[in-house]
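A.B. asks: Below is one structure. I have some questions about it.
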Amino acid sequence: MELRHLKYFLAVAQDLNIGRAAQRLHISQPPLTRQIKALEEELGVELFVRTGRGVELTQAGEMFKEEASKIRMIVEAAIDRVQRAGAGKLGRLDVGIFGSAIYDTIPRVLERFRQRHPGVNVVLHSMDKTEQIEALLQRRINVAFNRLFPPRPGIGRELVAIERLFVVLPATHEWVGREVIPISALQGQPLVLFPNVGSPNFVDHVLDVCKKHGFEPLIAQQVGDAVSGVALVARGFGLTLIPESAAKAVRVLDTVFKPLAEAEDAAIDVCCLYRASDESPLLQAFLDVVRNYRREMLNAVPESGSPPG
């Protein structure tokens, strides 16, 4: 039995007239009659009886109509799912996440993707940079988010956002009244920093920025994450630098956030990583969302003062 036999049968069962069903199917009546007869012979039952006005379903025909309708719905649903999967609108997206971008940029991108592709199941995996690369190459994840990722064979890289850097001050600090903080002002100031695992990392970036401005930073403490760094600032352990994602999300009493003044140096990237050989529609759909997000962020005019909420 072929699917077209079900299609022909259901058309006749709906119209109860072979001639009208043939017109709707855009075939002539004799071939349709032969197809129905062949179906009856295959099933070994009579599905229709002829009447003066057309045909009527037998008891077996009524039962087959119900079952055939179910089969047709299942097939149509399967076709729809396959087509949606082929268009990147269905499936599972495994995402490696790490770092302070999880406070703002990453959730924004993922939210937009889920709004555009609600049929895709997004699964998050917390991984450092080394683990992300291994998982990508082993096809355990589809994409990953990280910062300061150097070119690497086999790994594609798509810029998501350029985030400003903010200085976190104790609320009693003499710089609280300033609108921005020059990088050079950080010379001699005790800094609380949080390195990412793997190199280059956030501490490496801060060291490079300071060296460009002619001084070595004074690193007083290294902690595990931005929240811990801001908490130590509130208790007087020094100052800390955090990316914009963290500045938008982290709120600790007795601290003040001020942007660094030099825009070119006072920024850090967020990138989406993926297998360069991956040509799947699902990945392309995700990268489209990433590119649209980047364009919107680059066209937005940042405020010069406190981080946007």
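Residues in the structure tokens are named by chain (A, B, ... in the order shown) and by number from 1 within that chain; ligands are numbered from 1 in the order shown.
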Give me the residues near stretch 154-163 of chain A as a list of chain:residue names, where near means some atom within 8 Å (using only C-alpha atoms) and where sequence neighbours in that chain fewer than 5 positions away do not count.
C.D. replies: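 Counting only the stated atoms, we get A:Thr105, A:Ile133, A:Leu137, A:Pro243, A:Glu244, A:Ser245, A:Ala267, A:Ile268, A:Asp269, A:Val270, A:Cys271, A:Cys272, A:Leu273, A:Tyr274, A:Arg275, A:Ala276, A:Ser277, A:Leu287, A:Val290, A:Arg291, A:Tyr293, A:Arg294, A:Met297, A:Leu298.
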A.B. asks: Kindly export the residues of the current selection with N, CA and C atoms, as a PDB file, in the first residue's frame.
C.D. replies:
ATOM      1  N   THR A 105      24.745  39.322  27.931  1.00  0.00           N
ATOM      2  CA  THR A 105      24.792  39.148  26.479  1.00  0.00           C
ATOM      3  C   THR A 105      24.303  37.770  26.041  1.00  0.00           C
ATOM      4  N   ILE A 133      36.302  23.885  23.397  1.00  0.00           N
ATOM      5  CA  ILE A 133      36.941  23.493  22.141  1.00  0.00           C
ATOM      6  C   ILE A 133      36.897  21.983  21.970  1.00  0.00           C
ATOM      7  N   LEU A 137      34.827  20.017  18.921  1.00  0.00           N
ATOM      8  CA  LEU A 137      35.491  19.106  17.988  1.00  0.00           C
ATOM      9  C   LEU A 137      34.936  17.692  18.096  1.00  0.00           C
ATOM     10  N   PRO A 243      33.423  43.486  32.736  1.00  0.00           N
ATOM     11  CA  PRO A 243      32.794  43.768  31.437  1.00  0.00           C
ATOM     12  C   PRO A 243      31.358  44.259  31.620  1.00  0.00           C
ATOM     13  N   GLU A 244      30.831  44.798  30.551  1.00  0.00           N
ATOM     14  CA  GLU A 244      29.510  45.420  30.595  1.00  0.00           C
ATOM     15  C   GLU A 244      28.416  44.449  31.005  1.00  0.00           C
ATOM     16  N   SER A 245      28.495  43.190  30.576  1.00  0.00           N
ATOM     17  CA  SER A 245      27.475  42.216  30.959  1.00  0.00           C
ATOM     18  C   SER A 245      27.356  42.119  32.471  1.00  0.00           C
ATOM     19  N   ALA A 267      37.492  47.884  26.252  1.00  0.00           N
ATOM     20  CA  ALA A 267      36.430  47.026  25.741  1.00  0.00           C
ATOM     21  C   ALA A 267      36.955  45.604  25.641  1.00  0.00           C
ATOM     22  N   ILE A 268      36.029  44.672  25.560  1.00  0.00           N
ATOM     23  CA  ILE A 268      36.383  43.259  25.433  1.00  0.00           C
ATOM     24  C   ILE A 268      35.297  42.575  24.620  1.00  0.00           C
ATOM     25  N   ASP A 269      35.688  41.572  23.848  1.00  0.00           N
ATOM     26  CA  ASP A 269      34.734  40.940  22.935  1.00  0.00           C
ATOM     27  C   ASP A 269      33.955  39.810  23.607  1.00  0.00           C
ATOM     28  N   VAL A 270      32.847  39.439  22.980  1.00  0.00           N
ATOM     29  CA  VAL A 270      32.135  38.195  23.241  1.00  0.00           C
ATOM     30  C   VAL A 270      31.973  37.534  21.879  1.00  0.00           C
ATOM     31  N   CYS A 271      32.452  36.289  21.748  1.00  0.00           N
ATOM     32  CA  CYS A 271      32.390  35.599  20.473  1.00  0.00           C
ATOM     33  C   CYS A 271      31.584  34.316  20.581  1.00  0.00           C
ATOM     34  N   CYS A 272      30.979  33.937  19.468  1.00  0.00           N
ATOM     35  CA  CYS A 272      30.309  32.653  19.342  1.00  0.00           C
ATOM     36  C   CYS A 272      31.231  31.727  18.559  1.00  0.00           C
ATOM     37  N   LEU A 273      31.530  30.580  19.121  1.00  0.00           N
ATOM     38  CA  LEU A 273      32.429  29.605  18.507  1.00  0.00           C
ATOM     39  C   LEU A 273      31.621  28.434  17.970  1.00  0.00           C
ATOM     40  N   TYR A 274      32.085  27.850  16.869  1.00  0.00           N
ATOM     41  CA  TYR A 274      31.388  26.719  16.262  1.00  0.00           C
ATOM     42  C   TYR A 274      32.359  25.937  15.392  1.00  0.00           C
ATOM     43  N   ARG A 275      31.985  24.736  15.003  1.00  0.00           N
ATOM     44  CA  ARG A 275      32.821  23.962  14.092  1.00  0.00           C
ATOM     45  C   ARG A 275      32.767  24.579  12.704  1.00  0.00           C
ATOM     46  N   ALA A 276      33.916  24.837  12.132  1.00  0.00           N
ATOM     47  CA  ALA A 276      33.956  25.479  10.815  1.00  0.00           C
ATOM     48  C   ALA A 276      33.334  24.592   9.745  1.00  0.00           C
ATOM     49  N   SER A 277      33.335  23.285   9.956  1.00  0.00           N
ATOM     50  CA  SER A 277      32.788  22.348   8.970  1.00  0.00           C
ATOM     51  C   SER A 277      31.284  22.156   9.105  1.00  0.00           C
ATOM     52  N   LEU A 287      23.428  31.454  13.896  1.00  0.00           N
ATOM     53  CA  LEU A 287      24.364  32.511  13.526  1.00  0.00           C
ATOM     54  C   LEU A 287      23.635  33.730  12.955  1.00  0.00           C
ATOM     55  N   VAL A 290      22.722  35.704  15.917  1.00  0.00           N
ATOM     56  CA  VAL A 290      23.922  36.350  16.451  1.00  0.00           C
ATOM     57  C   VAL A 290      24.272  37.597  15.634  1.00  0.00           C
ATOM     58  N   ARG A 291      24.231  37.473  14.320  1.00  0.00           N
ATOM     59  CA  ARG A 291      24.591  38.611  13.459  1.00  0.00           C
ATOM     60  C   ARG A 291      23.596  39.758  13.592  1.00  0.00           C
ATOM     61  N   TYR A 293      21.812  40.405  16.230  1.00  0.00           N
ATOM     62  CA  TYR A 293      22.055  40.999  17.553  1.00  0.00           C
ATOM     63  C   TYR A 293      23.262  41.931  17.504  1.00  0.00           C
ATOM     64  N   ARG A 294      24.333  41.478  16.849  1.00  0.00           N
ATOM     65  CA  ARG A 294      25.549  42.306  16.766  1.00  0.00           C
ATOM     66  C   ARG A 294      25.264  43.627  16.053  1.00  0.00           C
ATOM     67  N   MET A 297      23.477  45.954  18.368  1.00  0.00           N
ATOM     68  CA  MET A 297      24.325  46.477  19.436  1.00  0.00           C
ATOM     69  C   MET A 297      25.329  47.504  18.898  1.00  0.00           C
ATOM     70  N   LEU A 298      25.870  47.254  17.709  1.00  0.00           N
ATOM     71  CA  LEU A 298      26.840  48.199  17.142  1.00  0.00           C
ATOM     72  C   LEU A 298      26.179  49.506  16.741  1.00  0.00           C
TER      73      LEU A 298
END
A.B. asks: Give me, as a count of residues only, all polymer residues having an atom no more than 10 Å from A:Gly214, counting only C-alpha atoms and skipping those fewer than 5 positions away in the same chain.
C.D. replies: 4
A.B. asks: Quick one: pull the distance between atom CA of A:His26 and atom CA of A:Leu6, Å, one decimal.
C.D. replies: 15.7 Å
A.B. asks: Go through stretch 39-243 of chain A and collect every residue that DSSP, computed from the backbone, puts in strand (DSSP E or B); the answer should be as an NGL selection string.
C.D. replies: :A and (48-50 or 55-57 or 91-97 or 120-126 or 143-146 or 152 or 155-170 or 181 or 190-193 or 218-222 or 239-243)
A.B. asks: Pull C-alpha atoms from the residues just selected and write them as a compact mmCIF listing (two decimals), in the first residue's frame.
C.D. replies:
# COMPACT_ATOMS: atom_id res chain seq x y z
CA PHE A 48 -17.55 1.22 -0.89
CA VAL A 49 -20.90 0.17 -2.28
CA ARG A 50 -22.36 1.94 -5.28
CA VAL A 55 -20.93 5.52 -3.33
CA GLU A 56 -21.36 4.81 0.36
CA LEU A 57 -18.83 3.53 2.87
CA GLY A 91 15.99 20.05 16.89
CA ARG A 92 18.41 20.48 19.80
CA LEU A 93 21.08 23.14 20.22
CA ASP A 94 23.81 22.38 22.77
CA VAL A 95 25.54 25.56 23.95
CA GLY A 96 28.78 25.90 25.91
CA ILE A 97 28.78 28.89 28.27
CA VAL A 120 14.43 24.06 19.11
CA ASN A 121 15.43 22.69 22.52
CA VAL A 122 18.33 24.81 23.83
CA VAL A 123 20.56 22.96 26.33
CA LEU A 124 23.30 24.84 28.22
CA HIS A 125 26.62 23.38 29.36
CA SER A 126 28.98 25.20 31.72
CA VAL A 143 28.16 26.42 19.67
CA ALA A 144 29.98 28.09 22.56
CA PHE A 145 30.39 31.60 23.93
CA ASN A 146 33.71 32.96 25.16
CA ARG A 152 42.26 28.10 15.63
CA ILE A 155 36.88 26.46 14.78
CA GLY A 156 34.78 29.26 13.35
CA ARG A 157 34.32 32.50 15.25
CA GLU A 158 31.48 35.01 15.02
CA LEU A 159 31.65 38.30 16.93
CA VAL A 160 28.59 38.75 19.15
CA ALA A 161 29.33 42.02 20.93
CA ILE A 162 32.04 44.44 22.01
CA GLU A 163 31.48 45.21 25.69
CA ARG A 164 32.78 48.26 27.53
CA LEU A 165 34.88 47.81 30.66
CA PHE A 166 33.77 49.39 33.92
CA VAL A 167 35.74 50.26 37.04
CA VAL A 168 34.03 49.26 40.27
CA LEU A 169 34.79 51.66 43.14
CA PRO A 170 33.94 51.63 46.83
CA ILE A 181 37.93 56.88 34.73
CA PRO A 190 45.17 47.75 44.02
CA LEU A 191 43.07 45.70 41.62
CA VAL A 192 40.87 42.69 42.32
CA LEU A 193 40.67 40.61 39.12
CA LEU A 218 49.01 46.29 40.86
CA ILE A 219 47.01 43.06 41.25
CA ALA A 220 46.07 42.76 44.91
CA GLN A 221 43.67 39.79 44.66
CA GLN A 222 42.48 37.22 42.12
CA LEU A 239 39.11 48.30 42.72
CA THR A 240 38.00 45.87 40.07
CA LEU A 241 37.33 45.92 36.35
CA ILE A 242 34.31 44.12 34.93
CA PRO A 243 32.79 43.77 31.44
A.B. asks: Can you tell me which residues surround A:Gly19 at a distance of at most 12 Å, considering only C-alpha atoms, apart from same-chain residues fewer than 2 positions away, and format the answer as a PyMOL selection string?
C.D. replies: chain A and resi 8+11-12+15-17+21-33+53-55
A.B. asks: Quick one: residues within 9 Å of A:Val45, only C-alpha atoms, excluding same-chain residues fewer than 3 positions away - as number ranges by chain?
C.D. replies: A: 39-42, 60-61
A.B. asks: Kindly save the residues from that selection, with C-alpha atoms included, as a short mmCIF file (atom, residue, chain, number, x, y, z; two decimals), in the first residue's frame.
C.D. replies:
data_model
loop_
_atom_site.label_atom_id
_atom_site.label_comp_id
_atom_site.auth_asym_id
_atom_site.auth_seq_id
_atom_site.Cartn_x
_atom_site.Cartn_y
_atom_site.Cartn_z
CA LEU A 39 -6.83 -1.03 -2.54
CA GLU A 40 -9.90 -3.14 -1.79
CA GLU A 41 -8.20 -6.20 -3.28
CA GLU A 42 -5.06 -5.60 -1.20
CA ALA A 60 -15.09 -1.72 6.98
CA GLY A 61 -14.80 1.47 4.93
#
A.B. asks: Point out the residue among A:Arg34, A:Arg20, A:Arg108, A:Lys70 with the least atom-to-atom distance to A:Glu296, counting only C-alpha atoms.
C.D. replies: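 Ranked by minimum distance to A:Glu296, first place goes to A:Arg108.
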A.B. asks: Neighbouring residues of A:Val252 were defined as those with any atom within 8 Å, considering only C-alpha atoms; residues of the same chain fewer than 2 positions away were excluded. Please report them as a list in words.
C.D. replies: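 Contacts, with the query itself left out: Val230, Ala231, Ala234, Val250, Asp254 and Thr255 of chain A.
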